[in-house]
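> This is my_file01.txt, which holds compact mmCIF, C-alpha atoms:
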```txt
# COMPACT_ATOMS: atom_id res chain seq x y z
CA GLU A 1 89.17 94.50 116.92
CA SER A 2 89.04 94.84 120.69
CA LEU A 3 87.55 97.89 122.37
CA ASP A 4 91.06 98.87 123.49
CA ASP A 5 92.29 98.79 119.91
CA GLN A 6 89.34 100.84 118.69
CA GLU A 7 90.12 103.44 121.34
CA ALA A 8 93.78 103.37 120.27
CA ALA A 9 92.76 104.07 116.67
CA SER A 10 90.61 106.99 117.85
CA ARG A 11 93.49 108.40 119.91
CA ALA A 12 95.86 108.15 116.95
CA ILE A 13 93.52 110.13 114.71
CA GLU A 14 92.79 112.66 117.44
CA PHE A 15 96.48 113.27 118.10
CA GLN A 16 97.47 113.39 114.42
CA LEU A 17 94.45 115.23 112.94
CA GLY A 18 92.07 116.33 115.69
CA TRP A 19 94.88 118.28 117.38
CA MET A 20 94.57 120.81 114.55
CA THR A 21 90.92 120.42 113.51
CA ASP A 22 89.01 119.97 116.78
CA PRO A 23 89.70 123.55 117.99
CA VAL A 24 88.47 124.99 114.68
CA PHE A 25 85.31 122.88 114.47
CA LEU A 26 84.56 122.04 118.11
CA GLY A 27 86.26 124.80 120.08
CA ASP A 28 88.83 122.77 122.01
CA TYR A 29 91.49 120.10 121.73
CA PRO A 30 90.34 116.44 121.70
CA LYS A 31 89.27 115.10 125.08
CA SER A 32 91.87 112.34 124.85
CA MET A 33 94.61 114.94 124.53
CA ARG A 34 93.22 116.95 127.43
CA ARG A 35 93.13 113.82 129.58
CA ILE A 36 96.64 112.65 128.69
CA LEU A 37 98.48 115.96 128.43
CA GLY A 38 96.69 117.99 131.09
CA ASP A 39 98.12 121.47 131.58
CA ARG A 40 100.76 120.82 128.92
CA LEU A 41 98.06 121.91 126.50
CA PRO A 42 97.09 125.58 126.45
CA THR A 43 93.51 126.59 127.16
CA PHE A 44 91.40 128.82 124.94
CA SER A 45 89.67 131.89 126.27
CA SER A 46 86.01 132.39 125.38
CA ASP A 47 87.04 135.15 122.96
CA GLU A 48 89.54 132.85 121.27
CA ILE A 49 86.94 130.11 120.91
CA LYS A 50 84.53 132.56 119.30
CA LEU A 51 87.30 133.66 116.96
CA ILE A 52 88.37 130.23 115.74
CA MET A 53 85.20 128.13 115.81
CA GLY A 54 83.62 127.98 112.38
CA SER A 55 86.36 130.19 110.93
CA VAL A 56 87.19 127.90 107.99
CA ASP A 57 85.48 127.52 104.62
CA PHE A 58 86.56 123.90 104.24
CA LEU A 59 88.82 121.22 105.68
CA GLY A 60 91.87 120.46 103.54
CA LEU A 61 93.13 116.90 103.92
CA ASN A 62 96.54 115.56 102.90
CA HIS A 63 96.20 111.78 102.84
CA TYR A 64 98.75 109.22 101.67
CA SER A 65 98.62 106.13 103.85
CA SER A 66 97.08 104.29 106.82
CA ALA A 67 98.19 101.93 109.55
CA LEU A 68 96.69 99.52 112.06
CA ALA A 69 96.44 100.84 115.62
CA SER A 70 96.47 98.92 118.87
CA THR A 71 97.03 99.57 122.56
CA PRO A 72 100.62 98.77 123.64
CA SER A 73 101.05 95.88 126.04
CA GLN A 74 103.64 97.85 128.04
CA PRO A 75 104.08 101.56 128.82
CA PRO A 76 106.59 103.29 126.52
CA THR A 77 110.15 103.65 127.73
CA TRP A 78 110.55 106.99 125.93
CA GLY A 79 108.76 110.31 126.07
CA GLY A 80 107.36 112.85 123.64
CA TYR A 81 104.53 113.14 121.15
CA TRP A 82 104.43 109.52 119.97
CA ALA A 83 104.66 108.14 123.51
CA ASP A 84 101.84 110.39 124.69
CA GLN A 85 99.44 108.80 122.21
CA PHE A 86 100.02 105.37 123.77
CA VAL A 87 99.38 103.69 120.44
CA THR A 88 101.25 100.97 118.57
CA LEU A 89 101.05 101.40 114.79
CA SER A 90 101.55 98.32 112.63
CA ASN A 91 101.00 97.02 109.11
CA ASP A 92 98.89 94.36 107.50
CA PRO A 93 101.49 92.06 105.91
CA SER A 94 99.36 91.90 102.75
CA TRP A 95 99.70 95.64 102.12
CA LYS A 96 102.12 96.83 99.48
CA LYS A 97 104.60 99.62 100.20
CA THR A 98 105.46 102.81 98.34
CA ALA A 99 109.02 103.92 97.65
CA MET A 100 108.69 105.99 100.83
CA GLY A 101 107.98 102.82 102.79
CA TRP A 102 104.38 103.86 103.39
CA ASN A 103 101.49 101.41 103.40
CA ILE A 104 99.17 101.33 100.40
CA ALA A 105 95.80 100.97 102.11
CA PRO A 106 93.08 102.68 100.06
CA GLN A 107 90.35 101.61 102.48
CA GLY A 108 91.74 104.29 104.77
CA ALA A 109 90.77 106.97 102.23
CA LYS A 110 87.10 106.27 102.78
CA GLY A 111 87.57 105.73 106.51
CA ILE A 112 89.21 109.06 107.28
CA LEU A 113 86.59 111.01 105.32
CA LEU A 114 83.77 109.27 107.19
CA TRP A 115 85.53 110.06 110.48
CA ILE A 116 85.76 113.74 109.55
CA SER A 117 82.14 113.84 108.41
CA ASN A 118 80.80 112.18 111.57
CA ARG A 119 82.91 114.24 113.95
CA TYR A 120 82.47 117.68 112.41
CA ASN A 121 78.90 117.58 111.12
CA ASN A 122 79.86 116.85 107.53
CA PRO A 123 81.92 119.91 106.56
CA ASN A 124 83.10 120.70 103.05
CA VAL A 125 86.32 118.78 102.43
CA TYR A 126 89.00 119.01 99.76
CA VAL A 127 91.65 116.34 99.41
CA THR A 128 94.54 118.76 98.94
CA GLU A 129 97.23 116.08 98.55
CA ASN A 130 97.09 112.40 97.63
CA GLY A 131 99.75 110.57 95.69
CA VAL A 132 102.61 108.13 95.71
CA ALA A 133 106.36 107.90 95.27
CA CYS A 134 107.00 104.85 93.12
CA HIS A 135 110.12 102.75 92.67
CA GLU A 136 111.59 104.74 89.76
CA THR A 137 115.24 103.93 89.15
CA ASN A 138 115.45 105.01 85.51
CA PHE A 139 113.59 107.02 82.88
CA GLU A 140 111.66 104.11 81.36
CA GLN A 141 110.52 102.90 84.75
CA SER A 142 109.40 106.41 85.63
CA ILE A 143 107.41 106.90 82.43
CA HIS A 144 105.61 103.56 82.61
CA ASP A 145 104.34 103.99 86.17
CA SER A 146 101.57 101.41 86.44
CA GLU A 147 102.16 101.33 90.20
CA ARG A 148 101.07 104.97 90.43
CA ILE A 149 98.00 104.40 88.27
CA ASP A 150 96.92 101.52 90.52
CA TYR A 151 97.45 103.64 93.63
CA LEU A 152 95.54 106.67 92.35
CA GLU A 153 92.69 104.56 91.00
CA GLU A 154 92.13 102.71 94.27
CA TYR A 155 92.42 105.83 96.43
CA ILE A 156 90.11 107.91 94.24
CA LYS A 157 87.60 105.06 94.37
CA GLY A 158 87.84 105.09 98.16
CA PHE A 159 87.16 108.82 98.26
CA GLY A 160 84.26 108.28 95.85
CA GLU A 161 82.75 105.63 98.11
CA ALA A 162 82.80 108.15 100.96
CA MET A 163 80.99 110.65 98.75
CA ALA A 164 78.36 108.00 97.96
CA GLU A 165 77.76 107.73 101.71
CA GLY A 166 77.14 111.46 101.99
CA VAL A 167 80.56 113.00 102.67
CA ASN A 168 80.80 116.55 101.29
CA LEU A 169 84.00 116.02 99.32
CA LYS A 170 84.17 119.01 96.98
CA GLY A 171 87.50 118.49 95.24
CA TYR A 172 90.58 116.32 94.83
CA PHE A 173 94.19 117.20 94.02
CA ALA A 174 96.68 114.51 93.03
CA TRP A 175 100.18 115.04 94.40
CA SER A 176 101.87 115.97 92.38
CA LEU A 177 101.83 117.35 88.85
CA PHE A 178 105.65 117.40 88.53
CA ASP A 179 108.47 115.50 90.17
CA ASN A 180 109.93 117.94 92.68
CA PHE A 181 111.99 118.38 95.82
CA GLU A 182 110.62 116.03 98.49
CA TRP A 183 111.02 117.73 101.86
CA GLN A 184 112.71 114.76 103.57
CA TYR A 185 114.42 112.91 100.71
CA GLY A 186 115.21 115.71 98.26
CA LEU A 187 115.24 114.72 94.59
CA SER A 188 115.55 110.98 95.26
CA LYS A 189 111.79 110.36 95.52
CA ARG A 190 109.41 111.15 92.67
CA PHE A 191 105.71 111.85 93.26
CA GLY A 192 104.92 113.52 89.94
CA ILE A 193 102.67 112.34 87.13
CA VAL A 194 105.04 114.31 84.89
CA TYR A 195 108.69 113.28 84.82
CA VAL A 196 111.27 116.04 85.29
CA ASN A 197 114.85 115.67 84.10
CA TYR A 198 116.63 117.53 86.88
CA THR A 199 119.58 118.35 84.64
CA SER A 200 117.83 119.71 81.55
CA LEU A 201 114.45 120.39 83.25
CA GLU A 202 112.75 118.66 80.32
CA ARG A 203 109.29 117.42 81.30
CA THR A 204 107.68 114.23 80.02
CA PRO A 205 104.15 113.07 80.90
CA LYS A 206 104.13 109.66 82.55
CA ASP A 207 101.52 107.01 81.78
CA SER A 208 99.75 108.13 84.95
CA ALA A 209 99.33 111.64 83.53
CA LEU A 210 97.64 110.30 80.41
CA TRP A 211 95.46 108.03 82.54
CA TYR A 212 94.56 110.87 84.91
CA GLN A 213 93.57 113.01 81.94
CA THR A 214 90.90 110.45 81.02
CA ILE A 215 89.59 110.53 84.61
CA ILE A 216 89.33 114.31 84.54
CA ASP A 217 87.75 114.34 81.07
CA SER A 218 85.00 111.99 82.30
CA ASN A 219 84.62 113.81 85.66
CA GLY A 220 85.30 110.48 87.31
CA ASP A 221 82.66 108.56 85.40
CA LYS A 222 85.36 106.33 83.93
CA LEU A 223 86.03 105.02 87.44
CA PHE A 224 82.58 104.98 88.95
CA SER A 225 80.18 104.17 86.13
CA THR A 226 78.73 100.65 86.02
CA PRO A 227 79.57 98.75 82.81
```
Show me, as structure tokens, the structure contained in the file I just sent.

Amino acid sequence: ESLDDQEAASRAIEFQLGWMTDPVFLGDYPKSMRRILGDRLPTFSSDEIKLIMGSVDFLGLNHYSSALASTPSQPPTWGGYWADQFVTLSNDPSWKKTAMGWNIAPQGAKGILLWISNRYNNPNVYVTENGVACHETNFEQSIHDSERIDYLEEYIKGFGEAMAEGVNLKGYFAWSLFDNFEWQYGLSKRFGIVYVNYTSLERTPKDSALWYQTIIDSNGDKLFSTP
């Protein structure tokens, strides 16, 4: 990793997460956004800063995937939000993909929690969404979803490693309990640990639901205990 690439990774997180969280925890937008966007960003009055700083009980994180970040070799030829970041996002060719085309990179689960902890003085955090759309083309493939079990296991372990390093992770919510309407792809992508027949509305627990039950019953010990 070059210094330029490390700075690109920081910019990407600041634009995609810090844009919302920095004002609440630090009282202003990220410095990188201020530098790049200038007066395109609004400014906060002292009264507004007093109102928003420290106004949350916890930080809720939706986390599904990660990417590699680097500084582009040439300025972008387009404008807008993604161009402003001046970051090239790429994939490790060894990473598997979800049915959404997203990278499966559980090391990012630990990394983003450590970033939040270091930047915001270790606030209380809840992972409010984490899950995967698998390649489910028929009922049997949906029910026997080993791909989802592998994903959840590795990501939960990553979150657990962050906790072991002192992150105040207070709770975790798998997304989602039921197959449902995905906001971009409708009913064609299934995230649930319970299969839903969209015609009859009959619900059938997938293998991942039975597996997840054992994780809950052991309060995670099944994953983190040493044999």
> Take CA of Gly166 (chain A) and CA of Val127 (chain A) and report the distance between them in Å, one decimal.
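These atoms are spaced 15.5 Å apart.
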> Could you tell me how far CA of Val167 (chain A) lies from CA of Asp217 (chain A), in Å and to one decimal?
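If I compute the distance from CA of Val167 (chain A) to CA of Asp217 (chain A), I get 22.8 Å.
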> Considering all atoms listed in the file, can you say which of A:Asp4, A:Asp57, A:Glu161, A:Glu136 comes closest to Thr98 (chain A)?
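Result for the nearest residue to Thr98 (chain A): A:Glu136.
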> Hey, could you make a per-residue contact list for region 89-195 of chain A against region 46-54 of chain A with 12 Å as the cut-off, showing the nearest pair of atoms and its distance in Å to one decimal, counting all atoms listed in the file, sorted by chain and number, as a tab-separated table?

```
residue	atom	partner	partner_atom	distance
A:Tyr120	CA	A:Gly54	CA	10.4
A:Asn121	CA	A:Gly54	CA	11.5
A:Pro123	CA	A:Gly54	CA	10.1
A:Asn124	CA	A:Gly54	CA	11.8
```
> Which residues come within 9 Å of Ser90 (chain A), counting all atoms listed in the file, excluding same-chain residues fewer than 3 positions away, as a PyMOL selection string?
chain A and resi 67-70
> Atoms to include: C-alpha atoms. Write the selected residues as a PDB file, in the frame of the given file.

```
ATOM      1  CA  ALA A  67      98.190 101.930 109.550  1.00  0.00           C
ATOM      2  CA  LEU A  68      96.690  99.520 112.060  1.00  0.00           C
ATOM      3  CA  ALA A  69      96.440 100.840 115.620  1.00  0.00           C
ATOM      4  CA  SER A  70      96.470  98.920 118.870  1.00  0.00           C
TER       5      SER A  70
END
```
> Pick from A:Gly79, A:Gly60, A:Gly160, A:Pro30: nearest to Ala109 (chain A), with all atoms listed in the file counted?
A:Gly160
> Residues at most 9 Å from Leu61 (chain A), counting all atoms listed in the file, excluding those fewer than 4 positions away in the same chain, as a ChimeraX atom specification?
/A:113,125-130
> Using only C-alpha atoms for the distances, tell me which of A:Ala162, A:Arg190, A:Glu154, A:Asp207 is nearest to Leu223 (chain A).
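The closest residue to Leu223 (chain A) is A:Glu154.
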> Find, counting all atoms listed in the file, the residue in A:Gln141, A:Thr88, A:Asn103, A:Gln184 that gets nearest to Tyr64 (chain A).
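Closest candidate: A:Asn103.
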> To one decimal place in Å, what is the distance between CA of Pro42 (chain A) and CA of Pro72 (chain A)?
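These two atoms are separated by 27.2 Å.
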> Check the smallest atom-to-atom distance from each of A:Trp211, A:Phe178, A:Trp78, A:Phe15 to Tyr195 (chain A) using all atoms listed in the file, then report the winner.
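Closest residue, counting all atoms listed in the file: A:Phe178.
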> Please determine, counting only C-alpha atoms, which residue among A:Leu26, A:Ala133, A:Leu152, A:Leu201 has the shortest atom-to-atom distance to Ala105 (chain A).
A:Leu152
> Contacts of Ile143 (chain A) at 9 Å or less, counting all atoms listed in the file, minus same-chain residues fewer than 5 places along, as a PyMOL selection string?
chain A and resi 136+138+193-195+204-208
> Which polymer residues have any atom within 12 Å of an atom of Trp102 (chain A), counting all atoms listed in the file, with same-chain residues fewer than 2 positions away left out, as a PDB file with C-alpha atoms, in the frame of the given file?

```
ATOM      1  CA  HIS A  63      96.200 111.780 102.840  1.00  0.00           C
ATOM      2  CA  TYR A  64      98.750 109.220 101.670  1.00  0.00           C
ATOM      3  CA  SER A  65      98.620 106.130 103.850  1.00  0.00           C
ATOM      4  CA  SER A  66      97.080 104.290 106.820  1.00  0.00           C
ATOM      5  CA  ALA A  67      98.190 101.930 109.550  1.00  0.00           C
ATOM      6  CA  SER A  90     101.550  98.320 112.630  1.00  0.00           C
ATOM      7  CA  ASN A  91     101.000  97.020 109.110  1.00  0.00           C
ATOM      8  CA  ASP A  92      98.890  94.360 107.500  1.00  0.00           C
ATOM      9  CA  TRP A  95      99.700  95.640 102.120  1.00  0.00           C
ATOM     10  CA  LYS A  96     102.120  96.830  99.480  1.00  0.00           C
ATOM     11  CA  LYS A  97     104.600  99.620 100.200  1.00  0.00           C
ATOM     12  CA  THR A  98     105.460 102.810  98.340  1.00  0.00           C
ATOM     13  CA  ALA A  99     109.020 103.920  97.650  1.00  0.00           C
ATOM     14  CA  MET A 100     108.690 105.990 100.830  1.00  0.00           C
ATOM     15  CA  ILE A 104      99.170 101.330 100.400  1.00  0.00           C
ATOM     16  CA  ALA A 105      95.800 100.970 102.110  1.00  0.00           C
ATOM     17  CA  PRO A 106      93.080 102.680 100.060  1.00  0.00           C
ATOM     18  CA  GLY A 131      99.750 110.570  95.690  1.00  0.00           C
ATOM     19  CA  VAL A 132     102.610 108.130  95.710  1.00  0.00           C
ATOM     20  CA  ALA A 133     106.360 107.900  95.270  1.00  0.00           C
ATOM     21  CA  CYS A 134     107.000 104.850  93.120  1.00  0.00           C
ATOM     22  CA  TYR A 151      97.450 103.640  93.630  1.00  0.00           C
TER      23      TYR A 151
END
```
